[in-house]
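Comments concern the structure below.
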Amino acid sequence: MHENLNWKLPDNRQVIRTVDMHTAGEPLRIITDGLPGIRGATILEKRKFFRDNYDHIRKGIMWEPRGHADMYGAVVTEPVNEGSDFGIFFLHNEGYSTMCGHAMIAIVKIVLETGMIKKDDNDPELNIDAPPGLIIARAVMKDGIVKVSSFRNVPSFVLYKDQTINVPGIGEVKFDVAYGGAFYAFCDAAQLGLNLNVSGADRLIDYGRKIKLAVSENFEIKHPFEDDLGFLYGTIFTGNACERGNHSRNVCIFADGELDRSPTGSGVSARAAIHYSRSELEKDETITIESILGTTMDVRVTDNVKYGPYDAVVPEVTATSYFTGKHEFYFDPDDPLREGFLIR
């Protein structure tokens, strides 16, 4: 049938090309071609320029009918710092995030396997300019294939510990807030009667939204250096692991009710900071954290540092990504739904 498909693309169509991947089940749509120029001397400036000028592209490729409510994306840019290999910022259903671990794991695979970045070593290292700062990533390669990726995150720290808040529709909730490139409120799932399996997804999304809103409205979320990074990105529910040998389970509800299918790279970084602050995790000790699907990420504390007024750790997160497809998306100027829509 495809041999008879003689349709020719009209000249007035905008075309956006992407490569799609997943890390531990969480999707990543990477824009590879079709974007106009993105101005800015820093990644945060580039992100702001994209948001102010090209947000319709974000909506068009994240939202239906081309995407879905839980789609996630990334834009790769030229580096902004000397010695860096490239830059990156992140897209989702609500807007733009400050850090994304599953995207870091995936981007290492695509840039090395496609030759976007040339490295001769079988264990190459990449310097990546991201919204929260420099991320150092590495890969383990065999026969040109990235078998596993790791990234050393920005300093991660605990902002609030052992707090309690009354959340409308839920009641009293105990939580911590920690930063792993983004700020999250952490809650124990068992204390809230929540199920960290797929069958509990709707209730997790509902509770995650309500807790995020309540904490955001009642607690100051401030980054020590960048105002643009100072907001609560999501709620992470923690619980017991299902597989013997794994440390625990994470389910993250972020942006506008997105449920992360992976354990959340920036989330496990923030958890490492919490556990280290409670002497529950030693330096260089690796723990394995499950997602709602049972997929995993490893995290370890490589160093402890001072980050502004905070005692912070430098986490390293390790996981594996996979390619799922290539896409060529068309934007018809006469299509009333060209910028997309969401139905929850």
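Here's how to read the names in the structure tokens: chain A, B, ... by the order shown, residue numbers from 1 in each chain, ligand numbers from 1 in the order shown.
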So that each row is one residue of range 222-341 of chain A with an atom at most 6 Å from range 153-156 of chain A, can you give its shortest atom pair and the distance in Å to one decimal, using only C-alpha atoms, rows by chain and rising number, as CSV?
```
residue,atom,partner,partner_atom,distance
A:Ala270,CA,A:Ser156,CA,5.8
A:Ala273,CA,A:Ser156,CA,5.9
A:Ala312,CA,A:Ser156,CA,5.2
A:Val313,CA,A:Ser156,CA,5.3
A:Val314,CA,A:Pro155,CA,4.8
A:Pro315,CA,A:Asn153,CA,5.6
```
Mind dumping the selected residues with C-alpha atoms as a tab-separated table (two decimals), in the first residue's frame?
```
chain	number	residue	atom	x	y	z
A	270	ALA	CA	17.17	14.04	45.96
A	273	ALA	CA	20.51	13.53	49.82
A	312	ALA	CA	24.84	18.71	49.82
A	313	VAL	CA	25.84	15.48	48.12
A	314	VAL	CA	26.90	14.79	44.55
A	315	PRO	CA	24.83	11.80	43.37
```
Query raised in the report: Within 12 Å of Val198 in chain A, counting only C-alpha atoms, which residues qualify if same-chain residues fewer than 5 places away don't, as a PyMOL selection string?
Result: chain A and resi 203-205+251+259-261+291-294
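Pairwise distance (CA of Pro27 in chain A, CA of Ala103 in chain A) equals 8.5 Å.
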Report task. Compile the contact shell of Lys59 in chain A as an MDAnalysis selection string: residues with an atom at most 8 Å away, counting only C-alpha atoms, same-chain residues fewer than 3 positions apart removed. Result -> chainID A and resid 55:56 62:63 93 339:341
Counting only C-alpha atoms, which residues of range 166-185 of chain A sit at most 10 Å from some atom of range 129-132 of chain A, and what is each one's closest atom pair with its distance in Å to one decimal, listed by chain and rising residue number, as CSV?
```
residue,atom,partner,partner_atom,distance
A:Gly180,CA,A:Pro132,CA,9.4
A:Gly181,CA,A:Pro132,CA,5.9
A:Ala182,CA,A:Pro132,CA,8.2
```
Please identify all polymer residues within 6 Å of Ala319 in chain A, counting only C-alpha atoms, omitting same-chain residues fewer than 4 positions from it, and present them as a short mmCIF file (atom, residue, chain, number, x, y, z; two decimals) with C-alpha atoms, in the first residue's frame.
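result-v5.cif, freshly written:
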```
data_model
loop_
_atom_site.label_atom_id
_atom_site.label_comp_id
_atom_site.auth_asym_id
_atom_site.auth_seq_id
_atom_site.Cartn_x
_atom_site.Cartn_y
_atom_site.Cartn_z
CA VAL A 148 24.53 1.70 30.26
CA SER A 149 24.67 5.44 30.98
CA MET A 297 17.80 3.14 38.50
#
```
Query raised in the report: Contacts of His92 in chain A at 9 Å or less, counting only C-alpha atoms, minus same-chain residues fewer than 2 places along, as a ChimeraX atom specification?
Result: /A:58-59,62-63,69-74,90,94-97,255-256,258
Would you mind exporting the chosen residues as a PDB file, in the first residue's frame, restricted to N, CA and C atoms?
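Wrote it out as selection07.pdb, contents follow:
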```pdb
ATOM      1  N   ARG A  58       6.352  23.169  21.580  1.00  0.00           N
ATOM      2  CA  ARG A  58       6.265  22.258  22.732  1.00  0.00           C
ATOM      3  C   ARG A  58       4.883  21.612  22.803  1.00  0.00           C
ATOM      4  N   LYS A  59       3.857  22.427  22.763  1.00  0.00           N
ATOM      5  CA  LYS A  59       2.494  21.895  22.848  1.00  0.00           C
ATOM      6  C   LYS A  59       2.205  20.934  21.687  1.00  0.00           C
ATOM      7  N   MET A  62       4.239  17.626  22.358  1.00  0.00           N
ATOM      8  CA  MET A  62       3.976  16.958  23.633  1.00  0.00           C
ATOM      9  C   MET A  62       2.516  16.534  23.750  1.00  0.00           C
ATOM     10  N   TRP A  63       1.602  17.388  23.312  1.00  0.00           N
ATOM     11  CA  TRP A  63       0.169  17.152  23.496  1.00  0.00           C
ATOM     12  C   TRP A  63      -0.394  16.279  22.382  1.00  0.00           C
ATOM     13  N   ALA A  69      -0.677  13.038  27.403  1.00  0.00           N
ATOM     14  CA  ALA A  69      -0.561  13.818  28.635  1.00  0.00           C
ATOM     15  C   ALA A  69       0.707  13.512  29.424  1.00  0.00           C
ATOM     16  N   ASP A  70       1.309  12.360  29.185  1.00  0.00           N
ATOM     17  CA  ASP A  70       2.512  11.980  29.924  1.00  0.00           C
ATOM     18  C   ASP A  70       3.759  11.970  29.046  1.00  0.00           C
ATOM     19  N   MET A  71       3.707  12.639  27.900  1.00  0.00           N
ATOM     20  CA  MET A  71       4.875  12.729  27.028  1.00  0.00           C
ATOM     21  C   MET A  71       5.929  13.644  27.652  1.00  0.00           C
ATOM     22  N   TYR A  72       7.167  13.404  27.281  1.00  0.00           N
ATOM     23  CA  TYR A  72       8.284  14.209  27.776  1.00  0.00           C
ATOM     24  C   TYR A  72       9.239  14.454  26.620  1.00  0.00           C
ATOM     25  N   GLY A  73       9.898  15.615  26.615  1.00  0.00           N
ATOM     26  CA  GLY A  73      10.756  15.949  25.494  1.00  0.00           C
ATOM     27  C   GLY A  73      12.031  16.657  25.890  1.00  0.00           C
ATOM     28  N   ALA A  74      12.907  16.841  24.905  1.00  0.00           N
ATOM     29  CA  ALA A  74      14.169  17.530  25.131  1.00  0.00           C
ATOM     30  C   ALA A  74      14.590  18.270  23.870  1.00  0.00           C
ATOM     31  N   PHE A  90      14.467  20.781  28.819  1.00  0.00           N
ATOM     32  CA  PHE A  90      13.465  19.729  28.870  1.00  0.00           C
ATOM     33  C   PHE A  90      12.043  20.283  28.747  1.00  0.00           C
ATOM     34  N   GLU A  94       3.165  20.579  30.926  1.00  0.00           N
ATOM     35  CA  GLU A  94       2.872  21.860  31.566  1.00  0.00           C
ATOM     36  C   GLU A  94       3.827  22.969  31.141  1.00  0.00           C
ATOM     37  N   GLY A  95       5.027  22.589  30.746  1.00  0.00           N
ATOM     38  CA  GLY A  95       6.016  23.608  30.387  1.00  0.00           C
ATOM     39  C   GLY A  95       7.425  23.046  30.334  1.00  0.00           C
ATOM     40  N   TYR A  96       8.276  23.498  31.263  1.00  0.00           N
ATOM     41  CA  TYR A  96       9.710  23.235  31.179  1.00  0.00           C
ATOM     42  C   TYR A  96      10.244  22.882  32.566  1.00  0.00           C
ATOM     43  N   SER A  97      11.029  21.823  32.654  1.00  0.00           N
ATOM     44  CA  SER A  97      11.579  21.411  33.939  1.00  0.00           C
ATOM     45  C   SER A  97      13.016  21.882  34.081  1.00  0.00           C
ATOM     46  N   ALA A 255       4.842  18.062  37.095  1.00  0.00           N
ATOM     47  CA  ALA A 255       4.200  18.953  36.118  1.00  0.00           C
ATOM     48  C   ALA A 255       2.700  18.961  36.368  1.00  0.00           C
ATOM     49  N   ASP A 256       1.885  18.853  35.307  1.00  0.00           N
ATOM     50  CA  ASP A 256       0.435  18.855  35.469  1.00  0.00           C
ATOM     51  C   ASP A 256      -0.069  17.416  35.543  1.00  0.00           C
ATOM     52  N   GLU A 258       1.595  14.563  35.559  1.00  0.00           N
ATOM     53  CA  GLU A 258       2.301  13.496  34.846  1.00  0.00           C
ATOM     54  C   GLU A 258       2.816  12.466  35.848  1.00  0.00           C
TER      55      GLU A 258
END
```
Set out as JSON lines a contact list for range 22-41 of chain A and range 265-268 of chain A with a cut-off of 12 Å, giving each residue of range 22-41 of chain A that qualifies its closest atom pair and distance in Å to one decimal, counting only C-alpha atoms, ordered by chain and rising residue number.
```
{"residue": "A:Thr23", "atom": "CA", "partner": "A:Gly265", "partner_atom": "CA", "distance": 9.8}
{"residue": "A:Ala24", "atom": "CA", "partner": "A:Gly265", "partner_atom": "CA", "distance": 10.3}
{"residue": "A:Glu26", "atom": "CA", "partner": "A:Gly265", "partner_atom": "CA", "distance": 10.7}
```
Take the selection from the previous step and output its residues with C-alpha atoms, as a CSV table (one decimal), in the first residue's frame.
```csv
chain,number,residue,atom,x,y,z
A,23,THR,CA,14.5,5.1,30.0
A,24,ALA,CA,13.0,2.6,32.4
A,26,GLU,CA,9.6,6.9,30.7
```
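As for CA of Leu159 in chain A and CA of Glu220 in chain A, they are spaced 9.6 Å apart.
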Report summary line: Nearest to Ser248 in chain A, restricted to only C-alpha atoms and choosing among A:Gly193, A:Gly308, A:Val299, A:Thr235, comes out as A:Val299
Set the distance at 10 Å and use only C-alpha atoms: which residues neighbour Pro224 in chain A once local chain neighbours fewer than 5 positions away are removed? I'd like the list as a compact mmCIF listing (two decimals) with N, CA and C atoms, in the first residue's frame.
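Listed below is the output, selection_9.txt:
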```
# COMPACT_ATOMS: atom_id res chain seq x y z
N LEU A 229 15.00 28.27 39.21
CA LEU A 229 15.00 26.88 39.65
C LEU A 229 14.21 26.69 40.94
N GLY A 230 13.69 27.78 41.50
CA GLY A 230 13.05 27.75 42.80
C GLY A 230 11.56 27.51 42.75
N TYR A 307 26.88 23.67 49.33
CA TYR A 307 26.20 24.28 48.19
C TYR A 307 25.40 25.46 48.72
N GLY A 308 26.00 26.65 48.64
CA GLY A 308 25.39 27.79 49.32
C GLY A 308 25.34 27.49 50.80
N PRO A 309 24.17 27.65 51.45
CA PRO A 309 24.08 27.37 52.88
C PRO A 309 23.84 25.90 53.20
N TYR A 310 23.76 25.04 52.20
CA TYR A 310 23.32 23.67 52.41
C TYR A 310 24.48 22.67 52.39
```
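When only C-alpha atoms are used to measure the gap to Ser84 in chain A, the shortest distance among A:Ala214, A:Ile135, A:Ile110, A:Met99 belongs to A:Ile135.
Residue nearest Ala185 in chain A, chosen from A:Ile253, A:His223, A:Asp121, A:Asn240 and counting only C-alpha atoms: A:Ile253.
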